[in-house]
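Colleague: mmCIF, C-alpha atoms, file input23.cif:
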data_data
loop_
_atom_site.label_atom_id
_atom_site.label_comp_id
_atom_site.auth_asym_id
_atom_site.auth_seq_id
_atom_site.Cartn_x
_atom_site.Cartn_y
_atom_site.Cartn_z
CA MET A 1 13.48 37.07 70.97
CA ARG A 2 15.52 38.21 73.92
CA PRO A 3 17.59 35.16 74.87
CA GLN A 4 17.03 33.41 78.15
CA PRO A 5 19.19 35.11 80.80
CA THR A 6 22.23 33.14 81.85
CA PHE A 7 24.45 33.76 84.83
CA PRO A 8 27.96 32.58 85.74
CA ALA A 9 28.22 29.73 88.20
CA TYR A 10 28.59 30.88 91.78
CA ARG A 11 31.98 30.02 93.26
CA HIS A 12 31.16 28.09 96.41
CA ALA A 13 33.38 28.38 99.47
CA ARG A 14 35.08 25.22 100.66
CA PRO A 15 33.74 24.01 104.02
CA PRO A 16 36.27 24.08 106.88
CA THR A 17 37.80 20.68 107.62
CA GLY A 18 37.68 20.13 111.39
CA LYS A 19 40.43 17.51 111.55
CA ARG A 20 42.80 19.62 109.47
CA TRP A 21 42.17 22.70 111.58
CA LEU A 22 42.59 20.66 114.79
CA ALA A 23 45.88 19.21 113.57
CA ALA A 24 47.14 22.63 112.50
CA GLY A 25 46.12 24.19 115.81
CA ALA A 26 47.77 21.43 117.81
CA THR A 27 50.96 21.77 115.76
CA VAL A 28 51.10 25.52 116.27
CA LEU A 29 50.34 25.09 119.95
CA LEU A 30 53.14 22.54 120.42
CA LEU A 31 55.65 24.60 118.47
CA THR A 32 54.91 27.85 120.28
CA GLY A 33 54.79 26.08 123.63
CA GLY A 34 58.12 24.36 122.96
CA ILE A 35 59.77 27.55 121.77
CA ALA A 36 58.45 29.46 124.78
CA ALA A 37 59.81 26.75 127.10
CA LEU A 38 63.23 26.82 125.41
CA LEU A 39 63.45 30.59 125.58
CA ARG A 40 62.28 30.68 129.20
CA HIS A 41 64.79 32.21 131.67
CA PRO A 42 66.10 29.51 134.02
CA GLU A 43 65.01 31.42 137.09
CA ALA A 44 61.57 32.23 135.71
CA GLY A 45 58.62 29.99 136.34
CA TYR A 46 56.29 28.46 133.77
CA GLY A 47 53.73 31.24 134.01
CA GLN A 48 54.84 32.86 130.74
CA VAL A 49 54.71 29.51 128.94
CA VAL A 50 51.18 28.94 130.17
CA MET A 51 50.21 32.44 129.04
CA VAL A 52 51.64 31.85 125.56
CA ILE A 53 49.84 28.51 125.29
CA GLY A 54 46.59 30.11 126.45
CA PHE A 55 46.98 32.99 123.99
CA ILE A 56 47.62 30.60 121.09
CA THR A 57 44.63 28.49 122.12
CA VAL A 58 42.31 31.51 122.21
CA LEU A 59 43.73 32.83 118.91
CA SER A 60 43.24 29.44 117.23
CA ALA A 61 39.65 29.26 118.45
CA LEU A 62 39.01 32.80 117.19
CA VAL A 63 40.46 32.03 113.75
CA TRP A 64 38.41 28.82 113.59
CA GLY A 65 35.27 30.76 114.48
CA LEU A 66 35.97 33.36 111.80
CA ARG A 67 36.53 30.60 109.23
CA VAL A 68 33.21 28.97 110.13
CA LEU A 69 31.47 32.36 110.01
CA PHE A 70 32.94 33.07 106.56
CA TYR A 71 31.73 29.70 105.29
CA ARG A 72 28.24 30.26 106.69
CA MET A 73 28.02 33.70 105.08
CA ALA A 74 29.32 32.39 101.75
CA THR A 75 26.78 29.55 101.81
CA HIS A 76 23.99 32.01 102.57
CA ASN A 77 25.11 34.28 99.72
CA ALA A 78 25.17 31.28 97.36
CA GLN A 79 21.61 30.39 98.33
CA LEU A 80 20.48 33.98 97.73
CA TYR A 81 22.29 34.01 94.37
CA HIS A 82 20.64 30.80 93.18
CA HIS A 83 17.25 32.03 94.39
CA GLU A 84 17.65 35.31 92.49
CA VAL A 85 18.79 33.48 89.34
CA LYS A 86 15.82 31.11 89.51
CA GLN A 87 13.42 34.00 90.06
CA VAL A 88 14.78 35.98 87.09
CA GLN A 89 14.60 32.92 84.82
CA GLN A 90 11.04 32.15 85.94
CA GLN A 91 10.02 35.75 85.23
CA TRP A 92 11.65 35.52 81.79
CA TRP A 93 9.84 32.28 81.01
CA ALA A 94 6.48 33.66 82.17
CA ARG A 95 7.00 36.65 79.87
CA HIS A 96 8.17 34.37 77.07
CA CYS A 97 4.92 32.37 77.31
CA GLN A 98 2.67 35.41 76.90
CA HIS A 99 0.44 35.43 73.84
CA ILE A 100 -1.58 37.82 71.72
CA ALA A 101 -5.00 37.37 70.17
CA LEU A 102 -5.72 37.50 66.45
CA THR A 103 -8.93 39.50 66.13
CA GLU A 104 -9.18 39.55 62.34
CA ALA A 105 -7.11 38.17 59.47
CA VAL A 106 -7.12 38.57 55.71
CA LEU A 107 -5.08 36.47 53.30
CA ILE A 108 -4.60 36.97 49.56
CA GLY A 109 -2.72 34.57 47.31
CA PRO A 110 -2.74 32.49 44.12
CA ALA A 111 -4.89 29.84 45.81
CA GLY A 112 -7.64 32.21 46.93
CA THR A 113 -8.81 35.35 48.67
CA THR A 114 -11.91 34.42 50.69
CA LEU A 115 -12.30 32.55 53.97
CA THR A 116 -14.26 29.82 52.17
CA GLN A 117 -11.35 29.20 49.83
CA TRP A 118 -8.90 29.05 52.72
CA GLN A 119 -11.07 26.52 54.55
CA ARG A 120 -10.87 24.32 51.48
CA LEU A 121 -7.11 24.72 51.39
CA ILE A 122 -6.54 23.84 55.05
CA ASN A 123 -8.75 20.77 54.55
CA ARG A 124 -6.76 19.88 51.39
CA ASP A 125 -9.97 20.03 49.37
CA HIS A 126 -8.83 22.64 46.86
CA ARG A 127 -7.32 22.85 43.41
CA GLN A 128 -3.71 23.97 43.31
CA PRO A 129 -3.13 27.15 41.28
CA ASP A 130 -1.73 26.82 37.78
CA VAL A 131 1.89 27.72 37.16
CA ARG A 132 2.39 30.56 34.71
CA ILE A 133 5.33 30.71 32.33
CA GLU A 134 6.71 34.23 32.27
CA SER A 135 9.70 35.68 30.47
CA GLY A 136 11.89 35.22 33.53
CA GLY A 137 10.65 31.76 34.51
CA LYS A 138 7.78 30.08 36.36
CA ALA A 139 5.37 31.96 38.63
CA LEU A 140 2.21 31.56 40.72
CA ARG A 141 -0.01 34.63 40.42
CA LEU A 142 -3.44 35.93 41.41
CA LEU A 143 -5.96 35.07 38.72
CA HIS A 144 -7.47 38.55 38.49
CA SER A 145 -4.20 40.51 38.33
CA PHE A 146 -2.74 41.02 34.86
CA ALA A 147 -0.02 43.60 35.46
CA VAL A 148 3.48 42.59 34.40
CA ASP A 149 5.51 45.06 36.44
CA ILE A 150 6.25 43.76 39.96
CA THR A 151 5.69 47.17 41.56
CA GLU A 152 2.25 47.41 39.99
CA ARG A 153 1.41 43.87 41.11
CA GLU A 154 2.32 44.74 44.70
CA LYS A 155 0.15 47.85 44.53
CA HIS A 156 -2.72 45.71 43.28
CA LEU A 157 -2.13 43.26 46.13
CA ALA A 158 -2.22 46.09 48.69
CA LYS A 159 -5.50 47.43 47.32
CA THR A 160 -7.05 43.96 47.08
CA LEU A 161 -6.05 43.31 50.69
CA VAL A 162 -8.07 46.29 51.94
CA LEU A 163 -11.05 45.53 49.71
CA GLN A 164 -11.16 41.95 50.95
CA TRP A 165 -11.01 43.14 54.57
CA ARG A 166 -13.90 45.50 53.84
CA GLU A 167 -15.86 42.54 52.48
CA GLN A 168 -15.05 40.29 55.46
CA HIS A 169 -15.58 42.86 58.21
CA GLN A 170 -19.18 43.38 59.25
CA GLY A 171 -20.13 46.96 60.05
CA PRO A 172 -17.99 50.05 60.67
CA LEU A 173 -14.54 49.96 62.22
CA ALA A 174 -13.21 52.86 64.29
CA ILE A 175 -9.79 52.24 65.81
CA THR A 176 -6.42 53.92 66.11
CA PRO A 177 -3.80 51.16 66.22
CA LEU A 178 -1.01 51.67 68.72
CA ARG A 179 1.39 50.85 65.92
CA CYS A 180 1.25 49.66 62.31
CA TYR A 181 3.75 47.18 60.91
CA TRP A 182 4.25 46.74 57.19
CA SER A 183 6.15 44.16 55.16
CA GLY A 184 6.65 45.50 51.67
CA SER A 185 7.61 48.55 49.66
CA ALA A 186 6.81 52.17 50.44
CA ALA A 187 4.81 52.40 47.21
CA SER A 188 2.56 49.50 48.20
CA TRP A 189 2.07 51.02 51.69
CA LEU A 190 0.91 54.26 50.10
CA VAL A 191 -1.71 52.37 48.08
CA PHE A 192 -2.73 50.41 51.18
CA SER A 193 -3.15 53.49 53.38
CA THR A 194 -5.00 55.38 50.62
CA GLN A 195 -7.47 52.56 50.14
CA MET A 196 -7.87 52.22 53.93
CA ALA A 197 -8.91 55.87 54.09
CA LEU A 198 -11.63 55.12 51.54
CA SER A 199 -12.82 51.75 52.87
CA PHE A 200 -12.31 52.41 56.60
CA PRO A 201 -12.44 56.19 57.10
CA ASP A 202 -12.54 55.86 60.90
CA VAL A 203 -9.28 53.87 61.10
CA VAL A 204 -6.34 56.22 61.70
CA LEU A 205 -3.07 55.04 60.17
CA PRO A 206 0.37 56.66 60.49
CA ALA A 207 2.11 58.21 57.51
CA HIS A 208 5.02 55.82 57.89
CA PRO A 209 4.65 52.30 59.32
CA VAL A 210 7.19 50.25 61.26
CA VAL A 211 9.03 47.66 59.21
CA TRP A 212 7.86 44.14 60.01
CA ARG A 213 10.78 42.06 61.33
CA GLY A 214 9.05 38.78 62.02
CA GLU A 215 9.61 37.29 65.45
CA GLU A 216 11.26 40.47 66.73
CA SER A 217 8.18 42.53 65.87
CA MET A 218 5.86 39.95 67.41
CA THR A 219 7.86 40.15 70.64
CA GLU A 220 7.58 43.95 70.66
CA ILE A 221 3.82 43.77 70.15
CA ILE A 222 3.23 41.20 72.90
CA ASP A 223 5.39 43.13 75.36
CA GLU A 224 3.60 46.41 74.70
CA LEU A 225 0.10 44.96 74.59
CA ALA A 226 0.61 43.34 78.00
CA HIS A 227 0.69 46.84 79.52
CA SER A 228 -1.90 48.49 77.27
CA ALA A 229 -5.61 49.18 77.62
CA PRO A 230 -8.00 46.31 76.77
CA GLU A 231 -9.24 48.08 73.65
CA SER A 232 -5.72 48.49 72.20
CA PHE A 233 -4.88 47.05 68.79
CA PHE A 234 -1.92 46.56 66.49
CA LEU A 235 -2.24 46.38 62.72
CA CYS A 236 0.23 44.17 60.87
CA ALA A 237 0.08 43.80 57.11
CA GLY A 238 2.22 43.34 54.05
CA CYS A 239 2.38 42.24 50.45
CA CYS A 240 5.03 40.71 48.26
CA SER A 241 5.34 39.80 44.59
CA LEU A 242 8.60 38.26 43.42
CA PRO A 243 9.90 38.37 39.84
CA ALA A 244 10.13 35.05 38.04
CA SER A 245 13.61 33.58 37.74
CA HIS A 246 14.95 30.52 35.93
CA GLU A 247 17.46 30.07 38.75
CA SER A 248 14.83 29.81 41.49
CA ARG A 249 13.99 26.39 42.91
CA LEU A 250 10.30 27.35 43.22
CA PRO A 251 8.01 29.43 41.03
CA ALA A 252 7.91 33.09 41.95
CA GLY A 253 4.98 33.74 44.26
CA GLU A 254 2.96 36.59 45.64
CA ALA A 255 0.77 37.15 48.68
CA ALA A 256 -0.79 39.76 50.92
CA VAL A 257 -1.58 39.39 54.62
CA LEU A 258 -3.35 41.49 57.24
CA TRP A 259 -3.64 40.92 60.99
CA LEU A 260 -5.56 42.92 63.56
CA LEU A 261 -4.02 41.94 66.89
CA GLY A 262 -5.52 42.64 70.30
CA GLN A 263 -6.12 41.18 73.74
CA THR A 264 -9.15 39.09 72.75
CA GLY A 265 -9.91 37.33 69.52
CA LYS A 266 -10.56 34.06 67.74
CA VAL A 267 -7.14 32.46 68.11
CA GLN A 268 -3.94 33.30 69.94
CA PHE A 269 -0.40 33.70 68.65
CA SER A 270 2.62 32.89 70.80
CA ARG A 271 5.98 34.58 70.44
CA GLY A 272 7.26 31.52 68.63
CA GLU A 273 10.80 30.21 68.58
CA VAL A 274 13.65 30.81 66.14
CA PHE A 275 16.49 28.58 65.04
CA ASN A 276 19.88 29.35 63.52
CA PRO A 277 22.18 26.38 62.83
CA SER A 278 25.11 26.37 65.21
CA PRO A 279 27.02 23.85 67.33
CA ASP A 280 25.35 25.22 70.47
CA GLU A 281 21.74 25.03 69.26
CA SER A 282 19.56 22.00 68.52
CA LEU A 283 16.38 22.22 66.46
CA VAL A 284 14.90 19.40 68.55
CA ALA A 285 15.39 21.50 71.70
CA VAL A 286 13.94 24.59 70.00
CA ALA A 287 10.86 22.61 68.88
CA GLN A 288 10.40 21.27 72.41
CA ARG A 289 10.61 24.80 73.78
CA ALA A 290 7.83 25.81 71.39
CA LEU A 291 5.66 23.03 72.84
CA ASP A 292 6.46 24.13 76.40
CA GLN A 293 5.67 27.71 75.46
CA SER A 294 2.18 26.63 74.37
CA GLU A 295 1.67 24.20 77.28
CA LEU A 296 1.58 21.15 75.00
CA THR A 297 3.18 17.77 75.62
CA GLN A 298 2.96 16.52 72.02
CA PRO A 299 3.41 18.32 68.69
CA PRO A 300 0.15 19.30 67.00
CA ASP A 301 -1.17 16.89 64.40
CA THR A 302 -1.17 19.57 61.71
CA SER A 303 1.53 22.07 60.82
CA PHE A 304 1.64 24.44 57.86
CA LEU A 305 5.07 25.06 56.43
CA PHE A 306 7.19 25.86 53.44
CA SER A 307 10.05 23.59 52.43
CA GLN A 308 13.31 24.59 54.06
CA PRO A 309 17.00 24.20 53.25
CA PRO A 310 18.28 20.81 54.43
CA ILE A 311 18.11 20.78 58.23
CA PRO A 312 19.11 17.31 59.54
CA ASP A 313 17.11 17.57 62.78
CA LEU A 314 13.83 18.66 61.17
CA ASN A 315 12.37 15.15 60.91
CA GLU A 316 13.48 14.37 64.47
CA THR A 317 11.32 17.08 66.04
CA GLY A 318 8.19 14.93 65.83
CA TRP A 319 6.29 17.70 64.03
CA ASN A 320 4.21 16.92 60.95
CA VAL A 321 6.46 18.36 58.23
CA THR A 322 5.14 16.48 55.19
CA GLN A 323 1.35 16.77 54.81
CA HIS A 324 0.80 20.54 54.59
CA VAL A 325 3.81 21.87 52.68
CA GLN A 326 2.64 25.03 50.90
CA ASP A 327 5.21 25.42 48.10
CA LEU A 328 2.80 24.49 45.28
CA ASN A 329 0.10 26.84 46.60
CA TRP A 330 2.25 29.94 46.98
CA GLY A 331 5.65 29.57 45.37
CA GLU A 332 8.59 31.61 46.65
CA LEU A 333 7.45 34.28 49.13
CA ALA A 334 10.67 35.54 50.74
CA GLU A 335 10.15 37.58 53.93
CA ILE A 336 6.35 37.31 54.07
CA GLU A 337 6.50 33.50 54.22
CA SER A 338 6.14 33.25 58.00
CA MET A 339 3.08 35.54 58.05
CA VAL A 340 1.35 33.34 55.46
CA ALA A 341 2.16 30.15 57.40
CA GLN A 342 0.90 31.65 60.67
CA THR A 343 -2.31 32.85 59.03
CA LEU A 344 -3.08 29.41 57.61
CA ALA A 345 -2.40 27.89 61.03
CA ALA A 346 -4.77 30.47 62.56
CA PHE A 347 -7.54 29.58 60.10
CA PHE A 348 -7.05 25.89 60.92
CA ALA A 349 -7.03 26.45 64.70
CA GLU A 350 -10.22 28.51 64.49
CA HIS A 351 -12.05 26.16 62.13
CA HIS A 352 -11.09 22.90 63.89
CA ALA A 353 -10.81 24.27 67.47
CA MET A 354 -7.43 22.63 67.98
CA PRO A 355 -3.78 23.73 68.07
CA CYS A 356 -1.93 24.02 64.79
CA GLY A 357 1.79 24.44 64.18
CA TRP A 358 3.67 26.49 61.62
CA LEU A 359 7.24 26.52 60.32
CA ALA A 360 8.74 29.08 57.95
CA ARG A 361 11.68 31.34 57.33
CA ASP A 362 11.95 34.47 59.44
CA PRO A 363 13.28 37.80 58.12
CA ASN A 364 16.20 37.58 60.57
CA HIS A 365 16.55 33.85 61.24
CA THR A 366 16.99 30.60 59.33
CA LEU A 367 13.78 29.11 60.70
CA ALA A 368 10.89 30.20 62.88
CA LEU A 369 8.24 27.94 64.33
CA GLY A 370 5.34 28.19 66.71
CA ILE A 371 1.85 27.05 67.59
CA VAL A 372 -1.49 28.80 67.13
CA LYS A 373 -4.23 27.84 69.58
CA PRO A 374 -7.92 28.65 69.88
CA TYR A 375 -8.33 31.74 72.03
CA GLY A 376 -8.62 31.04 75.75
CA SER A 377 -6.94 27.63 75.67
CA GLY A 378 -4.06 27.94 78.11
CA LYS A 379 -1.82 30.94 78.59
#
Spell out the structure here as structure tokens.
Modeller:
Amino acid sequence: MRPQPTFPAYRHARPPTGKRWLAAGATVLLLTGGIAALLRHPEAGYGQVVMVIGFITVLSALVWGLRVLFYRMATHNAQLYHHEVKQVQQQWWARHCQHIALTEAVLIGPAGTTLTQWQRLINRDHRQPDVRIESGGKALRLLHSFAVDITEREKHLAKTLVLQWREQHQGPLAITPLRCYWSGSAASWLVFSTQMALSFPDVVLPAHPVVWRGEESMTEIIDELAHSAPESFFLCAGCCSLPASHESRLPAGEAAVLWLLGQTGKVQFSRGEVFNPSPDESLVAVAQRALDQSELTQPPDTSFLFSQPPIPDLNETGWNVTQHVQDLNWGELAEIESMVAQTLAAFFAEHHAMPCGWLARDPNHTLALGIVKPYGSGK
């Protein structure tokens, strides 16, 4: 996210003090008049003294006028400066509040693969996946994947992702995405693109995708789509399978996600907000900015999230951070965590026709959060 533009404070000119200027002018006038009278030739009249006094009076009035003019100009410049600053910040905020529509979504994980299974999960009417004990430690895996090697598991995830999209999508699909983002290995992308050519022969994919960078990539997509043709699309996908480890706090997890993003769809994604602990940043303020971004006055009743490192302000945000924690459904997901949380929030927003929040780690930030809304509700 490009930070909100800040500008240095304008140094305001001090207004001229009339009494001080009058006292200074009178003092100068008396001094010059007295000196002129003392230096006057005895035989000369007082004409020269009067001329000196008149000259000093006119000069003082001219200097006073210039001082007033300078103050007026400085005040006008300050008003213009503040107006320009306000206009730039308003333009930034309007851009920051832009959204993008989720046209289609596919989610693969230990808890399910179909939309029916995900509806059960978001309603908390599902059975949590069983934890497997592997040589390296605990893990949560897809039921129908039996490969041991992590690379092979990711390839299987990539292929399953396309096959599930083919099952969900009704009819042919002929698009050329403006850009494709991928979160995962080059080997899994090759399997994904190969299977796409078989399942969706009219979808043109690039040989090499753009690496998915979380919030930064979402910002790029929203910015570009705002100036693109109505039929433009972006394809974002990825898969991840982590090796089991005895040192990990959570079981190793795996997941695959696919988004087709456009200008119209079922739900809308915002840019979201990011948080990095620092003395100058408050999570409460970041959470409030996420509400403002989505034109909400109260946090949504439901938020999907993964447990985070201890963040003292998390419970003070007012967001629901206890009822829909996804650790036991997915395990450790690393960089794809935020995509999974956003997808679950999208399924909830579509199914219940109400906003839904999400909180997760971002590839480049400690925490990312945002709100998914039904399409057409607000900005």
Colleague: What gap, in Å, lies between CA of Gly272 in chain A and CA of Ser303 in chain A?
Modeller: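 CA of Ser303 in chain A lies 13.5 Å from CA of Gly272 in chain A.
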Colleague: Evaluate the PyMOL selection byres ((chain A and resi 127) around 12) here and jot the selected residues down as a PyMOL selection string.
Modeller: chain A and resi 110-112+117-118+120-126+128-130+328-329
Colleague: For a quick check of understanding, using all atoms listed in the file, which of A:Ser294, A:Thr366, A:Thr116, A:Ser307 has the smallest distance to Arg249 in chain A?
Modeller: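 Using all atoms listed in the file, the shortest distance to Arg249 in chain A belongs to A:Ser307.
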Colleague: For Asp313 in chain A, find every residue with an atom within 12 Å (counting all atoms listed in the file), except residues of its own chain fewer than 6 positions away, and show them as a short mmCIF file (atom, residue, chain, number, x, y, z; two decimals) with C-alpha atoms, in the coordinates of the input.
Modeller:
data_model
loop_
_atom_site.label_atom_id
_atom_site.label_comp_id
_atom_site.auth_asym_id
_atom_site.auth_seq_id
_atom_site.Cartn_x
_atom_site.Cartn_y
_atom_site.Cartn_z
CA PHE A 275 16.49 28.58 65.04
CA PRO A 277 22.18 26.38 62.83
CA GLU A 281 21.74 25.03 69.26
CA SER A 282 19.56 22.00 68.52
CA LEU A 283 16.38 22.22 66.46
CA VAL A 284 14.90 19.40 68.55
CA ALA A 285 15.39 21.50 71.70
CA VAL A 286 13.94 24.59 70.00
CA ALA A 287 10.86 22.61 68.88
CA TRP A 319 6.29 17.70 64.03
CA VAL A 321 6.46 18.36 58.23
#
Colleague: Of the candidates A:Ser188, A:Gln323, A:Gln79, A:Ser270, which shows the shortest atom-to-atom distance to Glu295 in chain A, using only C-alpha atoms?
Modeller: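 Of all the options, A:Ser270 lies closest to Glu295 in chain A.
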Colleague: Would you mind reading off the distance between CA of Ala174 in chain A and CA of Asp202 in chain A, one decimal, in Å?
Modeller: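 Distance reported for this atom pair: 4.6 Å.
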Colleague: Between A:His12, A:His169, A:Lys159, A:Phe348, which has the minimum distance to Phe70 in chain A (counting all atoms listed in the file)?
Modeller: A:His12
Colleague: CA of Gln308 in chain A to CA of Ser248 in chain A: how many Å, to one decimal?
Modeller: 13.7 Å
Colleague: Running the PyMOL selection byres ((chain A and resi 334-339) around 6) on this model by hand, what would come out? Give it as a ChimeraX atom specification.
Modeller: /A:333,340-342,360-361,363
Colleague: Given only C-alpha atoms as the basis, pick out the residue of A:Arg213, A:Leu250, A:Gln288, A:Val257 nearest to His365 in chain A.
Modeller: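 Looking only at the distances to His365 in chain A, the closest residue turns out to be A:Arg213.
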Colleague: Rank A:Ala353, A:Pro299, A:Leu205, A:Gly65 by their smallest atom-to-atom distance to Glu316 in chain A, using only C-alpha atoms, and report the top residue only.
Modeller: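 Ranking A:Ala353, A:Pro299, A:Leu205, A:Gly65 by distance to Glu316 in chain A, first place goes to A:Pro299.
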Colleague: With only C-alpha atoms as the basis for distance, which of A:Asp362, A:Asp301, A:Asp280, A:Asp223 is at the shortest distance from His96 in chain A?
Modeller: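 Closest residue, counting only C-alpha atoms: A:Asp223.
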Colleague: Which residues match the PyMOL selection byres ((chain A and resi 368-372) around 6) in the file above, as a ChimeraX atom specification?
Modeller: /A:268-269,272-274,290,346,355-362,367,373
Colleague: Could you write those residues out with C-alpha atoms, as a PDB file, keeping the file's coordinate frame?
Modeller:
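Dumped to selection15.pdb:
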ATOM      1  CA  GLN A 268      -3.940  33.300  69.940  1.00  0.00           C
ATOM      2  CA  PHE A 269      -0.400  33.700  68.650  1.00  0.00           C
ATOM      3  CA  GLY A 272       7.260  31.520  68.630  1.00  0.00           C
ATOM      4  CA  GLU A 273      10.800  30.210  68.580  1.00  0.00           C
ATOM      5  CA  VAL A 274      13.650  30.810  66.140  1.00  0.00           C
ATOM      6  CA  ALA A 290       7.830  25.810  71.390  1.00  0.00           C
ATOM      7  CA  ALA A 346      -4.770  30.470  62.560  1.00  0.00           C
ATOM      8  CA  PRO A 355      -3.780  23.730  68.070  1.00  0.00           C
ATOM      9  CA  CYS A 356      -1.930  24.020  64.790  1.00  0.00           C
ATOM     10  CA  GLY A 357       1.790  24.440  64.180  1.00  0.00           C
ATOM     11  CA  TRP A 358       3.670  26.490  61.620  1.00  0.00           C
ATOM     12  CA  LEU A 359       7.240  26.520  60.320  1.00  0.00           C
ATOM     13  CA  ALA A 360       8.740  29.080  57.950  1.00  0.00           C
ATOM     14  CA  ARG A 361      11.680  31.340  57.330  1.00  0.00           C
ATOM     15  CA  ASP A 362      11.950  34.470  59.440  1.00  0.00           C
ATOM     16  CA  LEU A 367      13.780  29.110  60.700  1.00  0.00           C
ATOM     17  CA  LYS A 373      -4.230  27.840  69.580  1.00  0.00           C
TER      18      LYS A 373
END
Colleague: For a cutoff of 10 Å around the file-coordinate point (-9.0, 35.8, 68.8), which residues qualify once you count all atoms listed in the file? I'd like the result as an MDAnalysis selection string.
Modeller: chainID A and resid 100:105 260:269 346 350 373:376
Colleague: Emit the selected residues as a JSON list (two decimals), in the coordinates of the input, including C-alpha atoms.
Modeller:
[["chain", "number", "residue", "atom", "x", "y", "z"],
["A", 100, "ILE", "CA", -1.58, 37.82, 71.72],
["A", 101, "ALA", "CA", -5.00, 37.37, 70.17],
["A", 102, "LEU", "CA", -5.72, 37.50, 66.45],
["A", 103, "THR", "CA", -8.93, 39.50, 66.13],
["A", 104, "GLU", "CA", -9.18, 39.55, 62.34],
["A", 105, "ALA", "CA", -7.11, 38.17, 59.47],
["A", 260, "LEU", "CA", -5.56, 42.92, 63.56],
["A", 261, "LEU", "CA", -4.02, 41.94, 66.89],
["A", 262, "GLY", "CA", -5.52, 42.64, 70.30],
["A", 263, "GLN", "CA", -6.12, 41.18, 73.74],
["A", 264, "THR", "CA", -9.15, 39.09, 72.75],
["A", 265, "GLY", "CA", -9.91, 37.33, 69.52],
["A", 266, "LYS", "CA", -10.56, 34.06, 67.74],
["A", 267, "VAL", "CA", -7.14, 32.46, 68.11],
["A", 268, "GLN", "CA", -3.94, 33.30, 69.94],
["A", 269, "PHE", "CA", -0.40, 33.70, 68.65],
["A", 346, "ALA", "CA", -4.77, 30.47, 62.56],
["A", 350, "GLU", "CA", -10.22, 28.51, 64.49],
["A", 373, "LYS", "CA", -4.23, 27.84, 69.58],
["A", 374, "PRO", "CA", -7.92, 28.65, 69.88],
["A", 375, "TYR", "CA", -8.33, 31.74, 72.03],
["A", 376, "GLY", "CA", -8.62, 31.04, 75.75]]
Colleague: How would you write as an mmCIF file with C-alpha atoms, keeping the file's coordinate frame the residues that get within 6 Å of (1.8, 31.4, 41.7) in the file's frame, counting only C-alpha atoms?
Modeller:
data_model
loop_
_atom_site.group_PDB
_atom_site.id
_atom_site.type_symbol
_atom_site.label_atom_id
_atom_site.label_comp_id
_atom_site.auth_asym_id
_atom_site.auth_seq_id
_atom_site.Cartn_x
_atom_site.Cartn_y
_atom_site.Cartn_z
ATOM 1 C CA PRO A 110 -2.740 32.490 44.120
ATOM 2 C CA VAL A 131 1.890 27.720 37.160
ATOM 3 C CA ALA A 139 5.370 31.960 38.630
ATOM 4 C CA LEU A 140 2.210 31.560 40.720
ATOM 5 C CA ARG A 141 -0.010 34.630 40.420
ATOM 6 C CA GLY A 253 4.980 33.740 44.260
ATOM 7 C CA TRP A 330 2.250 29.940 46.980
ATOM 8 C CA GLY A 331 5.650 29.570 45.370
#
Colleague: Find the smallest box with edges along x, y and z containing every listed atom of range 271-285 of chain A, then add 6 Å on each side and report centre and edge lengths in Å to one decimal, as lines of an AutoDock Vina configuration file.
Modeller:
center_x = 16.5
center_y = 27.0
center_z = 67.3
size_x = 33.0
size_y = 27.2
size_z = 20.9
